[in-house]
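Text of data.txt, listed as compact mmCIF, C-alpha atoms and all ligand atoms:
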```txt
# COMPACT_ATOMS: atom_id res chain seq x y z
CA MET A 1 11.80 -8.46 -5.96
CA ALA A 2 8.16 -7.81 -6.48
CA VAL A 3 5.11 -5.60 -6.74
CA PHE A 4 2.40 -5.96 -4.10
CA CYS A 5 -0.94 -4.25 -4.43
CA LEU A 6 -3.60 -3.64 -1.75
CA CYS A 7 -7.14 -2.61 -2.63
CA SER A 8 -10.69 -2.63 -1.32
CA ALA A 9 -14.13 -3.29 -2.73
CA SER A 10 -16.18 -0.92 -0.61
CA GLY A 11 -16.13 1.18 2.52
CA SER A 12 -12.80 2.43 3.78
CA PRO A 13 -11.48 -0.69 5.50
CA GLY A 14 -8.01 0.74 6.15
CA VAL A 15 -6.02 0.11 2.95
CA THR A 16 -3.95 3.29 3.14
CA SER A 17 -3.11 2.90 6.84
CA THR A 18 -2.22 -0.75 6.31
CA VAL A 19 0.00 -0.08 3.28
CA LEU A 20 1.98 2.51 5.26
CA GLY A 21 2.11 0.26 8.31
CA LEU A 22 3.39 -2.61 6.17
CA GLY A 23 6.00 -0.31 4.66
CA TYR A 24 7.41 0.45 8.10
CA GLN A 25 7.50 -3.25 8.95
CA TRP A 26 8.79 -4.46 5.58
CA GLY A 27 12.35 -5.03 6.70
CA GLY A 28 13.91 -4.51 3.25
CA SER A 29 13.92 -1.67 0.75
CA VAL A 30 10.37 -0.83 -0.25
CA THR A 31 8.63 1.98 -2.08
CA VAL A 32 5.00 2.78 -1.32
CA VAL A 33 3.02 4.09 -4.29
CA GLU A 34 -0.28 5.83 -3.63
CA ALA A 35 -2.18 4.83 -6.78
CA ASP A 36 -5.65 5.70 -5.51
CA PRO A 37 -7.40 7.72 -8.25
CA SER A 38 -9.88 9.24 -5.81
CA GLY A 39 -7.27 11.89 -4.98
CA GLY A 40 -6.89 13.83 -1.77
CA ASN A 41 -3.22 12.95 -1.34
CA ALA A 42 -4.20 10.82 1.65
CA MET A 43 -0.64 9.93 2.61
CA LEU A 44 0.80 13.45 2.49
CA THR A 45 -2.23 14.98 4.19
CA GLY A 46 -2.75 12.04 6.55
CA MET A 47 0.34 10.45 8.02
CA LEU A 48 2.50 13.43 7.05
CA ARG A 49 -0.18 15.91 8.22
CA GLY A 50 0.19 18.19 5.22
CA GLN A 51 3.65 19.27 6.33
CA LEU A 52 5.17 18.12 3.11
CA VAL A 53 4.11 19.21 -0.37
CA LYS A 54 5.58 17.00 -3.05
CA PRO A 55 4.69 16.15 -6.62
CA GLY A 56 3.36 12.65 -7.17
CA LEU A 57 1.44 10.66 -9.74
CA VAL A 58 0.55 13.47 -12.12
CA GLU A 59 4.22 14.41 -12.39
CA LEU A 60 5.00 10.73 -12.86
CA ALA A 61 2.46 10.53 -15.68
CA LYS A 62 4.30 13.42 -17.37
CA ALA A 63 7.63 11.63 -16.92
CA GLY A 64 6.00 8.53 -18.44
CA GLN A 65 4.86 10.50 -21.46
CA ALA A 66 8.44 11.65 -21.95
CA GLY A 67 9.64 8.03 -21.77
CA LEU A 68 11.29 8.65 -18.40
CA LEU A 69 9.07 6.69 -16.06
CA SER A 70 11.75 4.77 -14.16
CA GLU A 71 13.77 7.97 -13.69
CA GLY A 72 10.57 9.70 -12.56
CA LEU A 73 9.92 6.99 -9.99
CA ALA A 74 13.37 7.47 -8.48
CA ARG A 75 13.11 11.28 -8.57
CA LEU A 76 9.64 11.52 -7.06
CA ALA A 77 10.03 8.97 -4.28
CA VAL A 78 10.14 10.79 -0.93
CA PRO A 79 12.28 9.02 1.68
CA LEU A 80 10.28 8.14 4.80
CA VAL A 81 12.95 6.25 6.69
CA ASP A 82 16.47 7.58 6.67
CA ALA A 83 19.55 5.50 6.04
CA ALA A 84 19.81 4.61 9.74
CA GLY A 85 16.21 3.39 9.71
CA VAL A 86 14.99 5.61 12.53
CA GLY A 87 11.50 6.52 11.41
CA ILE A 88 10.07 9.62 9.74
CA PRO A 89 12.98 12.05 9.92
CA ARG A 90 12.31 15.74 10.44
CA GLU A 91 14.67 16.45 7.57
CA ILE A 92 12.13 15.02 5.16
CA LEU A 93 10.37 18.36 5.37
CA THR A 94 13.24 20.03 3.61
CA SER A 95 15.14 17.24 1.89
CA ASP A 96 15.57 16.87 -1.82
CA PRO A 97 13.49 13.91 -3.01
CA GLY A 98 16.04 13.09 -5.70
CA GLN A 99 17.43 10.06 -3.91
CA VAL A 100 19.25 7.08 -5.26
CA TRP A 101 17.25 3.90 -4.86
CA ALA A 102 19.64 2.13 -2.56
CA THR A 103 19.65 4.85 0.12
CA PRO A 104 16.20 5.14 1.70
CA ARG A 105 14.78 1.89 2.91
CA LEU A 106 11.23 3.19 2.76
CA SER A 107 10.06 5.81 0.33
CA LEU A 108 6.75 7.14 -0.92
CA VAL A 109 5.47 8.19 -4.31
CA PRO A 110 2.55 10.46 -3.36
CA GLY A 111 -0.84 10.20 -5.04
CA SER A 112 -2.96 12.75 -6.84
CA LEU A 113 -4.59 15.87 -5.46
CA THR A 114 -8.11 15.44 -6.74
CA PHE A 115 -10.40 12.91 -8.42
CA GLU A 116 -10.47 15.27 -11.40
CA GLN A 117 -6.93 14.15 -12.20
CA ALA A 118 -8.08 10.54 -12.66
CA PRO A 119 -8.28 10.82 -16.49
CA ILE A 120 -4.59 11.87 -16.58
CA LEU A 121 -3.72 8.75 -14.61
CA THR A 122 -5.50 6.18 -16.76
CA LYS A 123 -2.59 6.07 -19.21
CA LEU A 124 -0.06 5.85 -16.39
CA TRP A 125 -0.92 2.48 -14.88
CA GLU A 126 0.46 0.19 -17.58
CA PRO A 127 3.82 1.94 -17.97
CA LEU A 128 4.00 2.33 -14.20
CA MET A 129 3.61 -1.42 -13.78
CA VAL A 130 6.41 -1.99 -16.30
CA GLY A 131 8.54 0.70 -14.60
CA MET A 132 8.06 -0.81 -11.13
CA ARG A 133 9.04 -4.22 -12.45
CA SER A 134 12.16 -2.91 -14.08
CA VAL A 135 13.24 -0.80 -11.08
CA SER A 136 12.48 -3.69 -8.77
CA ALA A 137 14.55 -6.12 -10.87
CA SER A 138 17.53 -3.78 -11.15
CA THR A 139 17.61 -2.44 -7.57
CA GLY A 140 16.02 -5.07 -5.34
CA VAL A 141 13.35 -2.64 -4.12
CA ASP A 142 9.87 -4.04 -3.54
CA PHE A 143 6.80 -1.93 -4.36
CA LEU A 144 3.73 -1.69 -2.18
CA VAL A 145 0.85 -0.10 -4.08
CA ASP A 146 -2.28 1.43 -2.54
CA ALA A 147 -4.76 0.86 -5.38
CA GLY A 148 -7.69 2.32 -3.44
CA ARG A 149 -11.22 1.22 -4.15
CA LEU A 150 -11.70 -1.14 -7.09
CA GLY A 151 -13.70 0.04 -10.09
CA LEU A 152 -13.52 3.81 -9.50
CA GLN A 153 -13.00 6.05 -12.51
CA GLY A 154 -9.34 5.74 -13.48
CA TRP A 155 -8.64 2.82 -11.14
CA PRO A 156 -5.24 1.16 -11.59
CA LYS A 157 -6.56 -2.02 -13.21
CA ALA A 158 -3.27 -2.77 -14.97
CA ILE A 159 -1.52 -2.89 -11.59
CA VAL A 160 -4.23 -4.89 -9.81
CA GLU A 161 -4.09 -7.31 -12.72
CA ALA A 162 -0.34 -7.72 -13.03
CA ALA A 163 1.00 -7.30 -9.49
CA ASP A 164 2.76 -10.35 -8.11
CA VAL A 165 0.34 -10.38 -5.21
CA THR A 166 -2.98 -8.52 -4.99
CA VAL A 167 -4.54 -8.22 -1.56
CA LEU A 168 -8.24 -7.55 -1.21
CA CYS A 169 -8.75 -5.79 2.13
CA LEU A 170 -12.07 -5.85 3.92
CA ARG A 171 -13.76 -5.60 7.27
CA SER A 172 -15.88 -8.42 8.56
CA SER A 173 -19.41 -6.97 8.55
CA LEU A 174 -22.00 -8.57 6.29
CA ARG A 175 -22.19 -5.29 4.34
CA GLU A 176 -18.46 -5.18 3.58
CA ALA A 177 -18.10 -8.92 3.02
CA SER A 178 -20.94 -8.98 0.55
CA GLY A 179 -19.45 -5.96 -1.26
CA ALA A 180 -16.15 -7.80 -1.55
CA ALA A 181 -17.53 -11.19 -2.61
CA ALA A 182 -18.09 -10.34 -6.28
CA TRP A 183 -14.69 -8.67 -6.53
CA ALA A 184 -12.99 -11.68 -4.93
CA LYS A 185 -14.53 -13.84 -7.64
CA LYS A 186 -13.56 -11.44 -10.42
CA LEU A 187 -9.98 -10.99 -9.17
CA ALA A 188 -9.44 -14.75 -9.07
CA ALA A 189 -10.22 -15.44 -12.72
CA GLY A 190 -9.95 -14.35 -16.35
CA GLU A 191 -7.69 -11.38 -17.01
CA PHE A 192 -6.76 -11.24 -13.32
CA ALA A 193 -5.76 -14.90 -13.02
CA GLU A 194 -2.01 -14.28 -13.17
CA HIS A 195 -1.51 -12.61 -9.83
CA GLN A 196 -1.62 -14.34 -6.49
CA LEU A 197 -4.78 -13.21 -4.73
CA ARG A 198 -5.09 -12.97 -0.95
CA LEU A 199 -7.63 -11.62 1.52
CA LEU A 200 -6.71 -9.40 4.43
CA LEU A 201 -9.23 -8.80 7.17
CA ILE A 202 -8.89 -5.46 8.95
CA GLY A 203 -10.78 -5.43 12.23
CA ASP A 204 -11.97 -7.77 14.89
CA GLY A 205 -13.31 -10.72 12.87
CA HIS A 206 -16.92 -10.33 14.04
CA PRO A 207 -19.38 -11.48 12.98
CA TYR A 208 -17.34 -13.31 10.33
CA PRO A 209 -13.90 -14.67 11.22
CA VAL A 210 -11.28 -14.43 8.49
CA ARG A 211 -11.19 -18.19 7.89
CA ASP A 212 -14.96 -18.28 7.22
CA ILE A 213 -14.73 -15.43 4.75
CA ALA A 214 -11.74 -17.05 3.02
CA LYS A 215 -13.62 -20.34 2.76
CA GLU A 216 -16.74 -18.66 1.41
CA PHE A 217 -14.74 -16.61 -1.13
CA LYS A 218 -12.44 -19.56 -2.00
CA VAL A 219 -9.49 -17.20 -1.63
CA GLU A 220 -6.56 -17.79 0.71
CA ALA A 221 -6.36 -15.42 3.68
CA LEU A 222 -3.17 -13.53 4.35
CA GLY A 223 -4.10 -12.78 7.92
CA GLN A 224 -5.79 -10.16 10.01
CA ILE A 225 -4.90 -6.69 11.23
CA PRO A 226 -6.53 -6.13 14.62
CA TRP A 227 -9.05 -3.42 15.32
CA ASP A 228 -6.95 -0.67 16.89
CA PRO A 229 -8.23 2.83 16.00
CA LYS A 230 -5.68 4.65 18.13
CA ARG A 231 -2.66 2.99 16.57
CA ALA A 232 -4.10 2.98 13.06
CA ARG A 233 -4.32 6.79 13.33
CA VAL A 234 -0.52 6.92 13.40
CA PHE A 235 -0.63 5.92 9.73
CA SER A 236 -3.94 7.44 8.63
CA ASP A 237 -3.62 10.81 10.40
CA GLY A 238 -0.09 11.17 11.74
CA ALA A 239 -1.14 10.71 15.38
CA GLY A 240 1.63 10.25 17.95
CA HIS A 241 2.74 6.66 18.60
CA GLY A 242 2.14 6.60 22.31
CA ARG A 243 3.82 4.13 24.63
CA GLY A 244 4.03 0.50 23.66
CA PHE A 245 3.36 1.14 19.98
CA ALA A 246 6.27 -0.94 18.71
CA ARG A 247 5.32 -3.87 20.97
CA SER A 248 1.57 -3.73 20.23
CA GLY A 249 -0.46 -6.51 18.66
CA TYR A 250 -1.27 -4.08 15.85
CA VAL A 251 2.39 -3.66 14.87
CA ALA A 252 3.07 -7.39 15.37
CA ALA A 253 0.24 -8.17 12.93
CA LEU A 254 1.62 -5.69 10.38
CA ARG A 255 5.02 -7.35 10.66
CA ALA A 256 3.52 -10.84 10.27
CA VAL A 257 1.55 -9.78 7.20
CA ALA A 258 4.62 -8.06 5.69
CA GLN A 259 6.58 -11.26 6.12
CA ALA A 260 3.76 -13.46 4.80
CA LEU A 261 3.51 -11.29 1.68
CA GLN A 262 7.22 -11.52 0.95
CA LYS A 263 7.21 -15.23 1.60
CA ILE A 264 4.72 -15.69 -1.24
CA VAL A 265 7.17 -14.40 -3.83
CA HIS A 266 10.61 -14.86 -2.39
CA ALA A 267 10.36 -17.63 0.13
CA ASP A 268 14.05 -17.81 0.90
CA GLN A 269 14.59 -14.14 1.75
CA VAL A 270 12.10 -13.35 4.51
CA PRO A 271 13.42 -10.50 6.67
CA THR A 272 13.48 -11.03 10.40
CA ARG A 273 12.94 -7.47 11.60
CA GLY A 274 10.87 -4.46 10.59
CA ASN A 275 11.89 -0.90 9.83
CA SER A 276 11.95 0.85 13.15
CA MET A 277 9.48 3.65 13.80
N1 LIG B 1 -6.79 -1.72 12.02
C1 LIG B 1 -7.58 -0.65 12.20
N2 LIG B 1 -8.30 -0.54 13.33
C2 LIG B 1 -9.10 0.54 13.50
N3 LIG B 1 -9.23 1.55 12.65
C3 LIG B 1 -8.51 1.49 11.52
C4 LIG B 1 -7.64 0.39 11.22
N4 LIG B 1 -7.06 0.63 10.03
C5 LIG B 1 -7.53 1.82 9.61
N5 LIG B 1 -8.38 2.34 10.50
C6 LIG B 1 -9.07 3.63 10.42
O1 LIG B 1 -10.04 3.56 9.38
C7 LIG B 1 -10.16 4.83 8.74
C8 LIG B 1 -9.94 4.65 7.24
O2 LIG B 1 -8.61 4.27 7.07
P1 LIG B 1 -7.86 4.37 5.66
O3 LIG B 1 -7.91 5.76 5.15
O4 LIG B 1 -6.55 3.72 5.82
O5 LIG B 1 -8.83 3.45 4.80
P2 LIG B 1 -8.90 3.26 3.22
O6 LIG B 1 -9.39 1.87 3.01
O7 LIG B 1 -7.61 3.64 2.61
O8 LIG B 1 -10.02 4.32 2.82
P3 LIG B 1 -10.34 4.95 1.38
O9 LIG B 1 -11.03 3.88 0.57
O10 LIG B 1 -11.25 6.10 1.69
O11 LIG B 1 -9.03 5.37 0.77
C9 LIG B 1 -9.14 5.75 9.41
O12 LIG B 1 -9.78 6.53 10.37
C10 LIG B 1 -8.15 4.80 10.05
O13 LIG B 1 -7.52 5.34 11.20
MG MG B 2 -7.11 4.99 1.13
```

Any chance you could put this one into structure tokens?
Ligand SMILES: Nc1ncnc2c1ncn2[C@@H]1O[C@H](COP(=O)(O)OP(=O)(O)OP(=O)(O)O)[C@@H](O)[C@H]1O
Ligand SMILES: [Mg+2]
Amino acid sequence: MAVFCLCSASGSPGVTSTVLGLGYQWGGSVTVVEADPSGGNAMLTGMLRGQLVKPGLVELAKAGQAGLLSEGLARLAVPLVDAAGVGIPREILTSDPGQVWATPRLSLVPGSLTFEQAPILTKLWEPLMVGMRSVSASTGVDFLVDAGRLGLQGWPKAIVEAADVTVLCLRSSLREASGAAAWAKKLAAGEFAEHQLRLLLIGDGHPYPVRDIAKEFKVEALGQIPWDPKRARVFSDGAGHGRGFARSGYVAALRAVAQALQKIVHADQVPTRGNSM
């Protein structure tokens, strides 16, 4: 099992929404970790609309300092899909987050509250990477990490560097593509050379289609998530699904990308269906 990390170079292309969307379409056990040092608890305040207050990375950093990082990961992960796989259960508002790893198929380790907590997190990333690897190896859970914007104070470099697959997300405007170009080059070489690097285009592919950007950056493309503001708001802001959500092109693309990611590291175990939502 493996650690997958999504990040961006500039703008807000949709990393957080995409990570959550991928989690729901993963098909196997997966834990989403919000490792964005800019704070704001985007997942708890966004998709979960502030209805749930749970400790996250800062608590995890404390567990790490006490040598209990793996235990902290298990204790702090909030289940998002119940054992029957039926979507965000209402019970999550009151449930005890102390779950065993095998039970929830999708769980979330929330991020930090404010950017001022970034210095506390800088020492967390390396042990967290080691902890995710060890939990993943012993339980079969994959990790999907939202690393936020690259290069911010306290950014999770150790995770971006050592993840099995790092995905640079971007939109297709000249402004965003040019912001991402230098990072694509940096992430493909030197200290970052060990991970598999992929590009993920979020949006409509105009003016630059994903294959042109991939060719220009010399980085393989993972695919494209279509421009769909209404459906993306399900994950970024907890909007209602509306009719046809599960059959939409947006969800189909999330499922295809989830499968493509897993195929990179464990080619023989690609799931055939997503977590229902
Ligand atoms: N595929 C998409 N189509 C249209 N809008 C999208 C898509 N994905 C995300 N969005 C929208 O883009 C905005 C930013 O999304 P999100 O917070 O996921 O981006 P981010 O890259 O995590 O940003 P930040 O760097 O600020 O953390 C949100 O309003 C979200 O609904
Ligand atoms: Mg984000």

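Around ligand MG 2 (chain B), using only C-alpha atoms and all ligand atoms and a cut-off of 10 Å, the residues in contact are A:Leu6, A:Cys7, A:Ser8, A:Gly11, A:Ser12, A:Pro13, A:Gly14, A:Val15, A:Thr16, A:Ser17, A:Thr18, A:Val19, A:Glu34, A:Ala35, A:Asp36, A:Pro37, A:Ser38, A:Gly39, A:Gly40, A:Asn41, A:Ala42, A:Met43, A:Gly46, A:Asp146, A:Ala147, A:Gly148, A:Arg149, A:Ser236.
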
Distance in Å - atom CA of Ser178 of chain A versus atom CA of Ile264 of chain A: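 Result for atom CA of Ser178 of chain A versus atom CA of Ile264 of chain A: 26.6 Å, one decimal.
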
Using the file's own x, y and z axes, what box holds all listed atoms of segment 208-223 of chain A with 3 Å on each side, keeping edges along x, y and z, and what are its centre and edge lengths in Å to one decimal, as JSON?
```
{"center_x": -10.3, "center_y": -16.6, "center_z": 4.6, "size_x": 20.2, "size_y": 13.6, "size_z": 19.2}
```

Distance criterion (only C-alpha atoms and all ligand atoms): nearest to ligand LIG 1 (chain B) out of A:Ser70, A:Thr31, A:Thr122, A:Thr45: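 Of A:Ser70, A:Thr31, A:Thr122, A:Thr45, the one nearest ligand LIG 1 (chain B) is A:Thr45, counting only C-alpha atoms and all ligand atoms.
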
Which residue of A:Ser248, A:Gln224, A:Gln196, A:Gln259 approaches ligand LIG 1 (chain B) most closely, using only C-alpha atoms and all ligand atoms: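 The closest residue to ligand LIG 1 (chain B) is A:Gln224.
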
Å distance separating atom CA of Ser112 of chain A from atom CA of Val3 of chain A, one decimal place: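 The value is 20.0 Å.
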
Between atom CA of Ser172 of chain A and atom CA of Ala184 of chain A - distance in Å to one decimal: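 Computed distance, atom CA of Ala184 of chain A to atom CA of Ser172 of chain A, equals 14.2 Å.
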
Polymer residues at most 12 Å from Asp228 of chain A, only C-alpha atoms, same-chain spacing of 5 or more positions, as a ChimeraX atom specification: /A:14,17-18,202-204,233-236,245,248-251,253-254
